[in-house]
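Visitor: Next up is a structure, given as structure tokens.
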Amino acid sequence: MLEPSDSQEAYDYTLLAIEISERWRIPVLLRMTTRICHSATLLRTQAQLAPPPPAFVRDVPGRVMIPAYARPAHQRLRAKLAEIAAWNETDGPTQVVDGDRSLGIVTSGISYQHVREAAARARVLKIGLSYPPPVETMRRFAASVDRCLVVEEGDPYLYEAARTAGVAVEQKPEMYRFGELNVSRVRRIVAGDLSPEPALPAGKPPELCPGCPHRNVFEALRDLGCIVAGDIGCYTLGVLPPFSAMDTCVCMGAAIGVGLGLRHSLPPEQARKVVSVIGDSTFVHSGITGLVEMVYNPPATGHVLVILDNGTTAMTGMQEHPGTGRRLDHQPTGRVVFEDLARTLGIRNVFTVDPIADSDSITRVLREALGRDELSVIIARRPCLLAAGSIKLREKKTNAG
């Protein structure tokens, strides 16, 4: 695992991650924090080497993990980690910033930037590759200072690795495990300040965009008293007031499975109120298997699935997906038609509504579907306001072609 501390390192460590992965044939994590992801700076780029021509090389014991191959693979994994740990001690992306020997700070990632400002005179050990951790480097560093403190975001991973190896280091107080670190908090950590922290200024809570087609859907779910198994997307904001119309959210595609579980396990009067809500891009990403389960193992009360189809992947950048009929470069390709898919699987009650053009339609159709002991799929289709112009232009070009 590599932990960049600024934009330049995010770039450099990505290339290093690929090098490590190729050298040891092992996955590498690049741990990105909010502050790094939200930063933007000038970069010094590196000359890129041309990749080798692609070719398949058979390696059955390395790629087919039946028990006979998995046991030796575990031994190979441990050997790789030992090699990487030794490399990290001598050639890894570790940096020592000299300073006053009365205080040494071991840190990684964005915490390094906070440490350099909050404790400018301290001696600092900046760890770039934090797993496997450079334990012996930490040991030598701790021995070179009078007091050694580990400053890291979240749970005390580096601290525990050091202490397990018998390295004399201090950890941050328990209260600083929670929330992001910043310069002020690091100053408090160095000083051992356990007094209550000032309250953060109130921010503006996120909300669905004014005029968003999802708003009418969540109003209907709220007003009908539905138990809503939700999913991940911009529509997850339906959990907040004034809608408060989402009761679960686990992972991409979980809405259908969770909703089916509730339908199977709740008493009938509650089960009939359960609705699964999922976005169009999430549905094609990992919701289709849930739809298959819905048909294969239908609850006694039936089930209702609402697909919020706004014609794009709104939460992460307006990307295309298999339900739009366009590739990521916006060129036309095959399209997954949700209505056809549902009917092909044997679902008879398939409805398509426009929650803006006919705002009453979603309430009417939802009420009808909830009243049946059958499976129903409702596609609430209206382009995202932020993408509607682009979608219309691309559809026009496609039709013209």
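In the structure tokens, chains take the letters A, B, ... in the order shown, each chain's residues start at 1, and ligands count up from 1 in the order shown.
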Do you know which residues are at most 8 Å from A:Asp100 counting only C-alpha atoms, after dropping those on the same chain fewer than 5 positions away, and could you put them as a PyMOL selection string?

Guide: chain A and resi 121-123

Visitor: Skip stretch 244-256 of chain A itself and residues of its chain fewer than 3 positions away, then list as a PyMOL selection string all residues within 8 Å of it, counting only C-alpha atoms.

Guide: chain A and resi 218-219+221-222+226-232+236+238-241+259-260+276-278+282-283+285-287+290-291+294+305

Visitor: Which residues are near A:Cys212? Cut-off 7 Å, only C-alpha atoms, ignore same chain within fewer than 3 positions. Put them as an mmCIF file with C-alpha atoms, in the first residue's frame.

Guide:
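Here's the written file result-v7.cif:
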```cif
data_model
loop_
_atom_site.group_PDB
_atom_site.id
_atom_site.type_symbol
_atom_site.label_atom_id
_atom_site.label_comp_id
_atom_site.auth_asym_id
_atom_site.auth_seq_id
_atom_site.Cartn_x
_atom_site.Cartn_y
_atom_site.Cartn_z
ATOM 1 C CA LEU A 208 -31.071 16.570 -4.654
ATOM 2 C CA CYS A 209 -30.876 19.304 -7.290
ATOM 3 C CA ARG A 215 -37.587 14.314 -6.098
ATOM 4 C CA CYS A 384 -30.724 14.368 -15.420
ATOM 5 C CA LEU A 385 -31.052 18.159 -15.569
#
```

Visitor: According to DSSP computed on the backbone, where in stretch 293-358 of chain A is there strand (DSSP E)? Give the residues as a PDB file with N, CA and C atoms, in the first residue's frame.

Guide:
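Output (result00.pdb):
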```pdb
ATOM      1  N   HIS A 303     -43.071  -8.140  -5.239  1.00  0.00           N
ATOM      2  CA  HIS A 303     -42.077  -7.118  -4.916  1.00  0.00           C
ATOM      3  C   HIS A 303     -42.191  -5.986  -5.923  1.00  0.00           C
ATOM      4  N   VAL A 304     -41.697  -4.814  -5.529  1.00  0.00           N
ATOM      5  CA  VAL A 304     -41.712  -3.643  -6.396  1.00  0.00           C
ATOM      6  C   VAL A 304     -40.294  -3.104  -6.521  1.00  0.00           C
ATOM      7  N   LEU A 305     -39.816  -3.009  -7.738  1.00  0.00           N
ATOM      8  CA  LEU A 305     -38.505  -2.422  -8.027  1.00  0.00           C
ATOM      9  C   LEU A 305     -38.708  -1.146  -8.817  1.00  0.00           C
ATOM     10  N   VAL A 306     -38.094  -0.060  -8.347  1.00  0.00           N
ATOM     11  CA  VAL A 306     -38.120   1.212  -9.071  1.00  0.00           C
ATOM     12  C   VAL A 306     -36.711   1.491  -9.588  1.00  0.00           C
ATOM     13  N   ILE A 307     -36.578   1.603 -10.899  1.00  0.00           N
ATOM     14  CA  ILE A 307     -35.296   1.976 -11.516  1.00  0.00           C
ATOM     15  C   ILE A 307     -35.371   3.458 -11.868  1.00  0.00           C
ATOM     16  N   LEU A 308     -34.528   4.249 -11.239  1.00  0.00           N
ATOM     17  CA  LEU A 308     -34.477   5.687 -11.509  1.00  0.00           C
ATOM     18  C   LEU A 308     -33.547   5.914 -12.694  1.00  0.00           C
ATOM     19  N   ASP A 309     -34.115   6.098 -13.859  1.00  0.00           N
ATOM     20  CA  ASP A 309     -33.335   6.182 -15.097  1.00  0.00           C
ATOM     21  C   ASP A 309     -33.214   7.643 -15.526  1.00  0.00           C
ATOM     22  N   ASN A 349     -45.628  -7.173 -14.963  1.00  0.00           N
ATOM     23  CA  ASN A 349     -46.010  -5.805 -14.608  1.00  0.00           C
ATOM     24  C   ASN A 349     -44.804  -4.882 -14.764  1.00  0.00           C
ATOM     25  N   VAL A 350     -44.670  -4.298 -15.920  1.00  0.00           N
ATOM     26  CA  VAL A 350     -43.558  -3.391 -16.209  1.00  0.00           C
ATOM     27  C   VAL A 350     -44.147  -2.053 -16.626  1.00  0.00           C
ATOM     28  N   PHE A 351     -43.769  -0.995 -15.892  1.00  0.00           N
ATOM     29  CA  PHE A 351     -44.328   0.327 -16.140  1.00  0.00           C
ATOM     30  C   PHE A 351     -43.200   1.321 -16.420  1.00  0.00           C
ATOM     31  N   THR A 352     -43.447   2.257 -17.308  1.00  0.00           N
ATOM     32  CA  THR A 352     -42.520   3.356 -17.561  1.00  0.00           C
ATOM     33  C   THR A 352     -43.256   4.668 -17.315  1.00  0.00           C
ATOM     34  N   VAL A 353     -42.686   5.507 -16.458  1.00  0.00           N
ATOM     35  CA  VAL A 353     -43.338   6.781 -16.129  1.00  0.00           C
ATOM     36  C   VAL A 353     -42.328   7.917 -16.269  1.00  0.00           C
TER      37      VAL A 353
END
```

Visitor: So which one's closest to A:Ser144, A:Leu129, A:Ala271, A:Asp98, A:Ala161? Using only C-alpha atoms, please.

Guide: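 Of all the options, A:Asp98 lies closest to A:Ser144.
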
Visitor: Going by DSSP on the backbone, which residues of stretch 107-288 of chain A come out as helix (DSSP H, G or I)? List them as a PyMOL selection string.

Guide: chain A and resi 111-118+135-143+157-164+174-177+183-191+213-223+234-239+254-265+268-271+280-288

Visitor: Let me make sure I understand: among A:Val151, A:Ile379, A:Leu30, A:Met138, which one has the smallest atom-to-atom distance to A:Val167 if we use only C-alpha atoms?

Guide: A:Met138

Visitor: Skip stretch 38-52 of chain A itself and residues of its chain fewer than 2 positions away, then list as a list of chain:residue names all residues within 10 Å of it, counting only C-alpha atoms.

Guide: A:Asp6, A:Ser7, A:Gln8, A:Glu9, A:Ala10, A:Tyr11, A:Asp12, A:Leu15, A:Thr33, A:Thr34, A:Arg35, A:Ile36, A:Pro54, A:Ala55

Visitor: I'd like the neighbourhood of stretch 145-150 of chain A as a list in words, where a residue qualifies if any of its atoms comes within 6 Å (using only C-alpha atoms), though same-chain residues fewer than 5 positions away should be ignored.

Guide: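 The neighbour list is Arg101, Ser102, Leu103, Gly104, Ile105, Val106, Thr107, Tyr159, Val169, Glu170 and Gln171 of chain A.
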
Visitor: Create the file for the chosen residues now, containing N, CA and C atoms and written as a PDB file, in the first residue's frame.

Guide:
```
ATOM      1  N   ARG A 101      16.053  16.937  17.550  1.00  0.00           N
ATOM      2  CA  ARG A 101      15.995  15.544  18.003  1.00  0.00           C
ATOM      3  C   ARG A 101      15.129  15.361  19.244  1.00  0.00           C
ATOM      4  N   SER A 102      14.639  16.416  19.822  1.00  0.00           N
ATOM      5  CA  SER A 102      13.776  16.271  21.007  1.00  0.00           C
ATOM      6  C   SER A 102      12.414  15.686  20.633  1.00  0.00           C
ATOM      7  N   LEU A 103      11.984  15.843  19.363  1.00  0.00           N
ATOM      8  CA  LEU A 103      10.712  15.291  18.919  1.00  0.00           C
ATOM      9  C   LEU A 103      10.861  14.708  17.535  1.00  0.00           C
ATOM     10  N   GLY A 104      10.523  13.434  17.412  1.00  0.00           N
ATOM     11  CA  GLY A 104      10.461  12.773  16.109  1.00  0.00           C
ATOM     12  C   GLY A 104       9.038  12.355  15.825  1.00  0.00           C
ATOM     13  N   ILE A 105       8.613  12.499  14.585  1.00  0.00           N
ATOM     14  CA  ILE A 105       7.253  12.138  14.205  1.00  0.00           C
ATOM     15  C   ILE A 105       7.297  11.193  13.015  1.00  0.00           C
ATOM     16  N   VAL A 106       6.654  10.052  13.182  1.00  0.00           N
ATOM     17  CA  VAL A 106       6.479   9.092  12.092  1.00  0.00           C
ATOM     18  C   VAL A 106       5.104   9.355  11.479  1.00  0.00           C
ATOM     19  N   THR A 107       5.049   9.500  10.166  1.00  0.00           N
ATOM     20  CA  THR A 107       3.771   9.852   9.542  1.00  0.00           C
ATOM     21  C   THR A 107       3.725   9.329   8.117  1.00  0.00           C
ATOM     22  N   TYR A 159       1.305   2.832  14.167  1.00  0.00           N
ATOM     23  CA  TYR A 159       1.659   2.725  15.585  1.00  0.00           C
ATOM     24  C   TYR A 159       1.648   1.260  16.022  1.00  0.00           C
ATOM     25  N   VAL A 169       7.294   3.971  20.453  1.00  0.00           N
ATOM     26  CA  VAL A 169       6.625   5.127  19.861  1.00  0.00           C
ATOM     27  C   VAL A 169       5.351   5.427  20.646  1.00  0.00           C
ATOM     28  N   GLU A 170       4.886   6.658  20.516  1.00  0.00           N
ATOM     29  CA  GLU A 170       3.618   7.064  21.120  1.00  0.00           C
ATOM     30  C   GLU A 170       2.552   7.151  20.030  1.00  0.00           C
ATOM     31  N   GLN A 171       1.299   6.931  20.419  1.00  0.00           N
ATOM     32  CA  GLN A 171       0.201   7.110  19.466  1.00  0.00           C
ATOM     33  C   GLN A 171      -0.599   8.356  19.815  1.00  0.00           C
TER      34      GLN A 171
END
```

Visitor: Could you work out how far atom CA of A:Arg381 lies from atom CA of A:Asp354, giving the answer in Å with one decimal?

Guide: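 Taking atom CA of A:Asp354 and atom CA of A:Arg381, their separation equals 5.3 Å.
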
Visitor: Which of these, A:Ile189, A:Pro132, A:Glu89, A:Ala220, has the shortest distance to A:Val28 once you count only C-alpha atoms?

Guide: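 The answer is A:Pro132, which sits nearest to A:Val28.
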
Visitor: Applying 12 Å and only C-alpha atoms, which residues near A:Leu345 remain after dropping the ones on its own chain fewer than 3 positions away? List them as number ranges by chain.

Guide: A: 288-296, 338-342, 348-350, 375-377

Visitor: Could you write out the selected residues, including N, CA and C atoms, as a compact mmCIF listing (two decimals), in the first residue's frame?

Guide:
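Once written, selection17.txt looks like this:
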```
# COMPACT_ATOMS: atom_id res chain seq x y z
N ILE A 288 -28.61 -6.36 -11.95
CA ILE A 288 -29.32 -7.32 -12.80
C ILE A 288 -29.42 -8.69 -12.13
N THR A 289 -28.38 -9.09 -11.42
CA THR A 289 -28.44 -10.39 -10.72
C THR A 289 -29.54 -10.38 -9.67
N GLY A 290 -29.77 -9.22 -9.04
CA GLY A 290 -30.87 -9.12 -8.09
C GLY A 290 -32.22 -9.29 -8.76
N LEU A 291 -32.34 -8.76 -9.98
CA LEU A 291 -33.59 -8.92 -10.73
C LEU A 291 -33.83 -10.39 -11.05
N VAL A 292 -32.77 -11.11 -11.38
CA VAL A 292 -32.89 -12.55 -11.64
C VAL A 292 -33.36 -13.27 -10.38
N GLU A 293 -32.79 -12.92 -9.24
CA GLU A 293 -33.21 -13.53 -7.97
C GLU A 293 -34.67 -13.20 -7.68
N MET A 294 -35.09 -12.00 -8.02
CA MET A 294 -36.47 -11.56 -7.81
C MET A 294 -37.44 -12.48 -8.56
N VAL A 295 -37.05 -12.88 -9.76
CA VAL A 295 -37.90 -13.77 -10.56
C VAL A 295 -37.79 -15.21 -10.07
N TYR A 296 -36.59 -15.62 -9.70
CA TYR A 296 -36.34 -17.02 -9.33
C TYR A 296 -36.93 -17.37 -7.97
N PHE A 338 -34.28 -1.66 -20.27
CA PHE A 338 -34.72 -2.21 -18.99
C PHE A 338 -36.09 -2.88 -19.10
N GLU A 339 -37.00 -2.26 -19.84
CA GLU A 339 -38.34 -2.85 -19.99
C GLU A 339 -38.24 -4.23 -20.66
N ASP A 340 -37.45 -4.32 -21.72
CA ASP A 340 -37.32 -5.59 -22.44
C ASP A 340 -36.67 -6.64 -21.54
N LEU A 341 -35.65 -6.23 -20.79
CA LEU A 341 -34.96 -7.16 -19.90
C LEU A 341 -35.92 -7.74 -18.87
N ALA A 342 -36.72 -6.86 -18.25
CA ALA A 342 -37.65 -7.32 -17.22
C ALA A 342 -38.68 -8.27 -17.80
N ARG A 348 -44.39 -9.56 -15.61
CA ARG A 348 -45.51 -9.09 -16.43
C ARG A 348 -45.85 -7.63 -16.19
N ASN A 349 -45.63 -7.17 -14.96
CA ASN A 349 -46.01 -5.81 -14.61
C ASN A 349 -44.80 -4.88 -14.76
N VAL A 350 -44.67 -4.30 -15.92
CA VAL A 350 -43.56 -3.39 -16.21
C VAL A 350 -44.15 -2.05 -16.63
N LEU A 375 -44.83 -9.44 -8.97
CA LEU A 375 -43.61 -8.69 -9.21
C LEU A 375 -43.90 -7.52 -10.14
N SER A 376 -43.34 -6.37 -9.81
CA SER A 376 -43.51 -5.18 -10.65
C SER A 376 -42.19 -4.46 -10.78
N VAL A 377 -41.91 -3.95 -11.97
CA VAL A 377 -40.75 -3.10 -12.22
C VAL A 377 -41.26 -1.77 -12.77
```
